[in-house]
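Q: This is data.csv (CSV, C-alpha atoms).
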chain,number,residue,atom,x,y,z
A,175,MET,CA,-11.2,-6.3,12.4
A,176,THR,CA,-14.8,-6.9,13.4
A,177,SER,CA,-17.4,-4.1,13.1
A,178,ALA,CA,-18.9,-2.9,16.3
A,179,GLY,CA,-22.5,-3.3,15.1
A,180,ARG,CA,-24.6,-4.5,12.3
A,181,GLN,CA,-23.8,-2.7,9.0
A,182,SER,CA,-26.0,-1.6,6.1
A,183,TRP,CA,-25.1,-2.4,2.5
A,184,ARG,CA,-24.1,1.3,2.1
A,185,ASP,CA,-21.7,1.1,5.0
A,186,LEU,CA,-20.1,-2.0,3.5
A,187,ARG,CA,-19.9,-0.5,0.1
A,188,ASP,CA,-18.2,2.7,1.4
A,189,HIS,CA,-15.8,0.6,3.5
A,190,ILE,CA,-14.7,-1.5,0.5
A,191,ARG,CA,-14.5,1.6,-1.7
A,192,GLY,CA,-12.2,3.2,0.8
A,193,ARG,CA,-9.9,0.2,0.8
A,194,ILE,CA,-9.7,0.3,-3.0
A,195,LEU,CA,-9.0,4.1,-3.1
A,196,ASP,CA,-6.3,3.9,-0.4
A,197,GLN,CA,-4.7,1.0,-2.3
A,198,THR,CA,-5.3,-1.6,0.5
A,199,PHE,CA,-7.0,-3.6,-2.3
A,200,ARG,CA,-5.0,-2.9,-5.5
A,201,PRO,CA,-6.1,-3.5,-9.2
A,202,GLY,CA,-6.4,-7.2,-9.8
A,203,ASP,CA,-6.7,-8.1,-6.1
A,204,LYS,CA,-9.3,-10.7,-5.0
A,205,LEU,CA,-11.6,-9.5,-2.3
A,206,PRO,CA,-12.6,-11.6,0.7
A,207,ARG,CA,-15.5,-14.0,0.2
A,208,ASP,CA,-19.0,-12.8,0.7
A,209,GLU,CA,-19.4,-15.1,3.8
A,210,ASP,CA,-16.2,-13.7,5.3
A,211,LEU,CA,-17.4,-10.1,4.8
A,212,ALA,CA,-20.8,-11.0,6.2
A,213,GLN,CA,-19.1,-12.3,9.4
A,214,GLU,CA,-16.7,-9.4,9.7
A,215,PHE,CA,-19.5,-6.8,9.3
A,216,GLN,CA,-22.1,-8.8,11.2
A,217,CYS,CA,-24.6,-8.7,8.3
A,218,ALA,CA,-26.5,-11.0,6.0
A,219,ARG,CA,-24.9,-12.3,2.8
A,220,THR,CA,-27.6,-10.5,0.9
A,221,THR,CA,-26.3,-7.2,2.4
A,222,VAL,CA,-22.8,-8.1,1.1
A,223,GLN,CA,-24.2,-9.0,-2.3
A,224,ARG,CA,-26.1,-5.7,-2.6
A,225,ALA,CA,-23.0,-3.7,-1.6
A,226,MET,CA,-20.9,-5.6,-4.1
A,227,GLN,CA,-23.4,-5.0,-6.9
A,228,ALA,CA,-23.2,-1.3,-6.1
A,229,LEU,CA,-19.4,-1.5,-6.5
A,230,VAL,CA,-19.8,-3.3,-9.8
A,231,ASP,CA,-22.2,-0.6,-11.0
A,232,ASP,CA,-19.6,2.0,-9.9
A,233,GLY,CA,-17.0,0.3,-12.0
A,234,LEU,CA,-14.7,-0.6,-9.2
A,235,VAL,CA,-14.9,-4.4,-9.0
A,236,GLU,CA,-15.8,-7.4,-11.2
A,237,ARG,CA,-17.8,-10.4,-10.0
A,238,LYS,CA,-17.7,-13.8,-11.6
A,239,ARG,CA,-19.7,-16.9,-10.7
A,240,LYS,CA,-17.4,-19.3,-8.8
A,241,GLY,CA,-14.6,-16.8,-9.5
A,242,GLY,CA,-15.2,-14.4,-6.7
A,243,THR,CA,-14.9,-10.6,-6.7
A,244,THR,CA,-11.8,-8.8,-7.9
A,245,VAL,CA,-10.8,-5.1,-8.1
A,246,ARG,CA,-10.9,-4.0,-11.8
A,247,PRO,CA,-7.6,-3.6,-13.5
A,248,ASP,CA,-8.7,0.0,-14.4
A,249,PRO,CA,-11.0,0.9,-11.5
A,250,VAL,CA,-12.8,4.2,-11.6
A,251,THR,CA,-15.3,6.0,-9.4
A,252,ARG,CA,-18.3,7.0,-11.5
A,253,THR,CA,-18.8,10.5,-12.5
A,254,THR,CA,-20.7,12.0,-15.5
A,255,LEU,CA,-17.9,10.8,-17.8
A,256,ASP,CA,-15.5,7.9,-17.3
A,257,ILE,CA,-11.8,8.2,-17.8
A,258,PRO,CA,-10.6,5.4,-20.2
A,259,ILE,CA,-7.2,4.7,-21.7
A,260,THR,CA,-6.3,6.6,-24.8
A,261,ARG,CA,-4.2,3.7,-26.2
A,262,ALA,CA,-7.2,1.4,-25.8
A,263,GLU,CA,-9.5,3.9,-27.5
A,264,ILE,CA,-7.2,4.3,-30.5
A,265,GLU,CA,-6.6,0.6,-30.9
A,266,ALA,CA,-10.4,-0.1,-30.6
A,267,ARG,CA,-10.9,2.2,-33.6
A,268,GLY,CA,-8.5,0.0,-35.6
A,269,HIS,CA,-5.5,2.4,-35.6
A,270,GLY,CA,-1.9,1.8,-34.6
A,271,TYR,CA,-1.0,3.6,-31.3
A,272,ARG,CA,2.2,5.4,-30.4
A,273,HIS,CA,3.0,7.6,-27.4
A,274,HIS,CA,5.6,10.3,-27.3
A,275,LEU,CA,6.8,12.0,-24.1
A,276,ILE,CA,7.7,15.6,-25.1
A,277,ASP,CA,9.1,16.7,-21.8
A,278,ARG,CA,9.1,16.1,-18.1
A,279,SER,CA,9.8,18.7,-15.5
A,280,THR,CA,9.1,19.8,-11.9
A,281,PRO,CA,8.4,23.6,-12.2
A,282,GLU,CA,6.7,25.7,-9.6
A,283,ALA,CA,2.9,25.4,-10.0
A,284,PRO,CA,1.4,28.5,-11.7
A,285,ALA,CA,-1.6,30.2,-10.0
A,286,THR,CA,-3.9,28.7,-12.6
A,287,ILE,CA,-3.0,25.2,-11.7
A,288,ALA,CA,-3.3,25.9,-8.0
A,289,ALA,CA,-6.7,27.3,-8.6
A,290,ARG,CA,-7.7,24.2,-10.5
A,291,PHE,CA,-6.7,22.1,-7.6
A,292,GLY,CA,-8.6,24.4,-5.2
A,293,THR,CA,-5.6,25.1,-3.0
A,294,PRO,CA,-3.1,28.1,-2.7
A,295,ASP,CA,-0.3,25.6,-2.2
A,296,PRO,CA,-0.6,22.4,-4.2
A,297,GLY,CA,2.9,21.3,-3.2
A,298,LYS,CA,5.6,19.8,-5.5
A,299,LEU,CA,4.1,18.9,-8.9
A,300,LEU,CA,5.3,16.9,-11.9
A,301,ARG,CA,4.6,18.3,-15.3
A,302,LEU,CA,4.3,16.0,-18.3
A,303,ARG,CA,3.7,17.0,-21.8
A,304,ALA,CA,2.9,14.2,-24.2
A,305,LEU,CA,1.4,13.3,-27.5
A,306,HIS,CA,-0.8,10.3,-28.4
A,307,LEU,CA,-0.6,9.3,-32.1
A,308,ALA,CA,-3.0,7.2,-34.2
A,309,ASP,CA,-1.3,5.7,-37.3
A,310,GLY,CA,1.5,8.2,-36.8
A,311,GLN,CA,-0.8,11.2,-36.8
A,312,PRO,CA,-1.4,13.5,-33.8
A,313,TYR,CA,-4.5,12.5,-31.9
A,314,VAL,CA,-4.4,14.0,-28.4
A,315,PHE,CA,-1.8,16.4,-26.9
A,316,GLU,CA,-1.8,16.3,-23.1
A,317,ASP,CA,-0.3,19.0,-20.7
A,318,ARG,CA,-0.6,17.3,-17.3
A,319,TRP,CA,0.3,18.2,-13.7
A,320,VAL,CA,0.5,15.5,-11.0
A,321,SER,CA,0.8,15.9,-7.2
A,322,PHE,CA,3.9,14.2,-5.7
A,323,ASP,CA,2.2,14.4,-2.3
A,324,THR,CA,-0.8,12.3,-3.4
A,325,VAL,CA,1.1,10.1,-5.9
A,326,PRO,CA,4.7,9.9,-4.6
A,327,GLU,CA,5.4,6.7,-6.5
A,328,ILE,CA,5.0,8.5,-9.8
A,329,ALA,CA,8.6,9.8,-9.4
A,330,ALA,CA,10.0,6.4,-10.4
A,331,VAL,CA,7.7,5.8,-13.4
A,332,ASP,CA,9.3,5.9,-16.9
A,333,PHE,CA,6.8,7.8,-18.9
A,334,SER,CA,8.7,7.2,-22.1
A,335,GLN,CA,7.5,3.6,-21.9
A,336,VAL,CA,3.9,4.1,-20.7
A,337,SER,CA,1.6,7.2,-20.9
A,338,SER,CA,0.6,9.0,-17.7
A,339,ASN,CA,-3.0,8.6,-18.8
A,340,GLU,CA,-2.7,4.8,-18.8
A,341,TRP,CA,-0.6,4.6,-15.6
A,342,LEU,CA,-2.9,6.9,-13.6
A,343,VAL,CA,-6.1,5.0,-14.7
A,344,ARG,CA,-4.5,1.7,-13.7
A,345,ASN,CA,-2.8,2.8,-10.5
A,346,ARG,CA,-4.6,5.8,-8.9
A,347,PRO,CA,-8.4,5.7,-8.7
A,348,TYR,CA,-10.1,9.0,-7.8
A,349,SER,CA,-13.0,9.9,-5.6
A,350,ARG,CA,-13.9,13.2,-7.3
A,351,CYS,CA,-13.5,14.5,-10.8
A,352,GLU,CA,-14.2,17.8,-12.5
A,353,VAL,CA,-14.4,18.1,-16.3
A,354,GLN,CA,-14.5,21.2,-18.6
A,355,ILE,CA,-15.2,20.8,-22.3
A,356,TYR,CA,-14.8,23.7,-24.7
A,357,ALA,CA,-13.4,24.8,-28.1
A,358,SER,CA,-10.3,27.0,-28.2
A,359,PRO,CA,-7.9,28.3,-30.9
A,360,CYS,CA,-4.5,26.6,-30.5
A,361,THR,CA,-1.3,28.5,-29.8
A,362,ALA,CA,1.7,28.4,-32.2
A,363,ASP,CA,3.4,25.8,-29.9
A,364,GLU,CA,0.3,23.6,-29.8
A,365,ALA,CA,-0.2,24.0,-33.6
A,366,ALA,CA,3.4,22.7,-34.2
A,367,ILE,CA,2.7,19.7,-32.0
A,368,MET,CA,-0.7,18.9,-33.5
A,369,GLU,CA,0.5,19.7,-37.1
A,370,VAL,CA,-2.2,22.3,-37.8
A,371,GLU,CA,-2.3,26.0,-38.5
A,372,PRO,CA,-2.0,28.4,-35.5
A,373,GLY,CA,-5.4,29.5,-34.4
A,374,THR,CA,-7.2,26.3,-35.5
A,375,ALA,CA,-10.2,25.7,-33.3
A,376,MET,CA,-9.6,22.6,-31.2
A,377,LEU,CA,-11.7,20.5,-28.8
A,378,VAL,CA,-10.2,20.8,-25.3
A,379,LEU,CA,-11.0,18.6,-22.3
A,380,GLU,CA,-9.7,19.9,-19.0
A,381,ARG,CA,-9.9,17.3,-16.2
A,382,THR,CA,-9.0,17.5,-12.5
A,383,THR,CA,-9.2,14.6,-10.1
A,384,TRP,CA,-8.9,14.3,-6.3
A,385,LEU,CA,-8.7,11.6,-3.7
A,386,ASP,CA,-11.0,13.0,-1.1
A,387,GLU,CA,-9.6,16.6,-0.8
A,388,ALA,CA,-6.1,15.7,-2.0
A,389,PRO,CA,-5.4,16.7,-5.7
A,390,ILE,CA,-4.2,13.9,-8.0
A,391,THR,CA,-3.8,15.4,-11.4
A,392,HIS,CA,-4.9,18.2,-13.7
A,393,VAL,CA,-4.7,17.7,-17.5
A,394,ARG,CA,-5.5,19.9,-20.5
A,395,ALA,CA,-6.1,17.6,-23.5
A,396,LEU,CA,-6.1,19.0,-27.0
A,397,HIS,CA,-7.8,16.9,-29.6
A,398,ALA,CA,-7.1,16.7,-33.3
A,399,PRO,CA,-9.6,18.4,-35.7
A,400,GLY,CA,-12.5,16.1,-36.5
A,401,TYR,CA,-12.4,14.4,-33.1
A,402,ARG,CA,-15.8,13.3,-31.8
A,403,LEU,CA,-16.7,12.9,-28.2
A,404,ILE,CA,-19.1,10.0,-27.9
A,405,THR,CA,-20.9,9.1,-24.6
A,406,GLY,CA,-23.4,6.4,-23.9
A,407,GLU,CA,-24.0,3.8,-21.2
A,408,ALA,CA,-21.6,4.3,-18.3
A,409,ARG,CA,-19.0,1.7,-19.0
A,410,PRO,CA,-15.1,2.1,-18.8
A,411,GLY,CA,-13.8,3.3,-22.2
A,412,LYS,CA,-16.9,5.2,-23.4
A,413,LEU,CA,-15.2,8.6,-23.2
A,414,ALA,CA,-12.1,9.4,-25.2
A,415,ARG,CA,-9.5,10.4,-22.6
Let me see the structure of the file written as structure tokens.

A:
Amino acid sequence: MTSAGRQSWRDLRDHIRGRILDQTFRPGDKLPRDEDLAQEFQCARTTVQRAMQALVDDGLVERKRKGGTTVRPDPVTRTTLDIPITRAEIEARGHGYRHHLIDRSTPEAPATIAARFGTPDPGKLLRLRALHLADGQPYVFEDRWVSFDTVPEIAAVDFSQVSSNEWLVRNRPYSRCEVQIYASPCTADEAAIMEVEPGTAMLVLERTTWLDEAPITHVRALHAPGYRLITGEARPGKLAR
């Protein structure tokens, strides 16, 4: 399809970002050549190059000399904090990783989750409770809700084999993210999972993501005592998910 008029680099950036977010271009896909995009959008190659650099800075694509431009295997849309993969974080720290799916269910969404998604009716949701372990010790406990309407293919995923954290990062980029970080005493159930005393103060990250206005997932992640949240230059993997 040829654009009706000359396009700015922002127009091209937004168009390609939209194709990535709607999965027209999937993780690992190679994008059209710069000259082909310049012809399609009736713009200079320098316009394409500027748009692609913006997408590189956003963490959505990778560019290699003579290798072209590809969608990142773990594409993200930049917010204040990135969403990396917990397995990769644990292994990068030199620990052995293991993931345990505690339970999987499809209960009716409570009012608190509907409120997080910003809608009175979030539709059918999948609830996943899982534990990430480092060297066999509890590291992060996740209580996650995922929208079947926005992510219908999630119904067929075996989360005993891959964590929902890793699968969502690799398969469902988001356009908007909201994060809350706070300390909270753990409940008796959480204490049993994390192997601490009930009431122990824990670092909690609550994160909600959307694709445009459609909710993707809400997760409450409880971190083991002594966990440190480290941020720095905006690159994938800088935030413990």

Q: Please list as JSON, numbers by chain every residue within 7 Å of A:Gly373, counting all atoms listed in the file and excluding residues in the same chain fewer than 5 positions away.

A: {"A": [359, 360, 361]}

Q: Excluding A:Ser279 and its own-chain neighbours fewer than 5 positions away, which residues fall within 9 Å of it when counting only C-alpha atoms? Please give them as a list in words.

A: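 Non-adjacent residues within range: Leu299, Leu300, Arg301, Leu302 and Arg303 of chain A.
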
Q: Extract, using all atoms listed in the file, all DNA, RNA and protein residues at most 8 Å from stretch 386-394 of chain A, discarding same-chain residues fewer than 6 positions from it, and format them as number ranges by chain.

A: A: 287, 290-291, 296, 316-321, 324-325, 348-350, 378-380

Q: Taking only C-alpha atoms into account, name the residue in A:Ala288, A:Ala329, A:Ala218, A:Ala225 that is nearest to A:Asp185.

A: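 When distances to A:Asp185 are compared using only C-alpha atoms, the smallest one comes from A:Ala225.
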
Q: What's the 9 Å shell around A:Thr221, counting all atoms listed in the file, without same-chain residues fewer than 4 positions away, as a list of chain:residue names?

A: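 Listed by chain and then number, they are A:Gln181, A:Ser182, A:Trp183, A:Arg184, A:Leu186, A:Ala212, A:Cys217, A:Ala225, A:Met226.
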
Q: Mind pulling up the distance from atom CA of A:Phe315 to atom CA of A:Asp363?

A: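 Computing the Euclidean distance for atom CA of A:Asp363 and atom CA of A:Phe315 yields 11.2 Å.
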
Q: Just how far from atom CA of A:Gly310 is atom CA of A:Arg278, in Å to one decimal?

A: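 Result for atom CA of A:Arg278 versus atom CA of A:Gly310: 21.7 Å, one decimal.
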
Q: Name the closest residue to A:Val370 among the candidates A:Trp384, A:Phe215, A:Tyr313, A:Phe199; distances are taken between atoms, counting all atoms listed in the file.

A: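 The shortest atom-to-atom distance to A:Val370 comes from A:Tyr313.
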
Q: Just the number, please: distance in Å from atom CA of A:Asn345 to atom CA of A:Val331, one decimal.

A: 11.3 Å

Q: Considering only C-alpha atoms, return as a list in words whatever protein or nucleic-acid residues lie within 6 Å of stretch 238-245 of chain A, sequence-local ones (same chain, fewer than 5 positions apart) excluded.

A: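 With the cut-off at 6 Å, the set is Pro201, Gly202, Asp203, Lys204 and Leu205 of chain A.
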
Q: Nearest to A:Phe333 among A:Ala289, A:Ile190, A:Leu396, A:Leu305, with distances taken over only C-alpha atoms: which residue is it?

A: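 Using only C-alpha atoms, A:Phe333 sits closest to A:Leu305.
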
Q: Using only C-alpha atoms, pick whichever of A:Ala398, A:Ala308, A:Val353, A:Leu403 has the shortest atom-to-atom distance to A:Thr382.

A: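 Result for the nearest residue to A:Thr382: A:Val353.
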
Q: Give as a list in words the set of residues within 9 Å of the point (1.8, 5.9, -28.9), where distances use the file's coordinates and all atoms listed in the file.

A: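 Nearby residues: Arg261, Gly270, Tyr271, Arg272, His273, His274, Leu305, His306, Leu307, Ala308, Asp309, Gly310, Val336 and Ser337 of chain A.
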
Q: For A:Asp277, which residue out of A:Thr383, A:Gln223, A:Gln354, A:Ser334 is the nearest one, using all atoms listed in the file?

A: A:Ser334
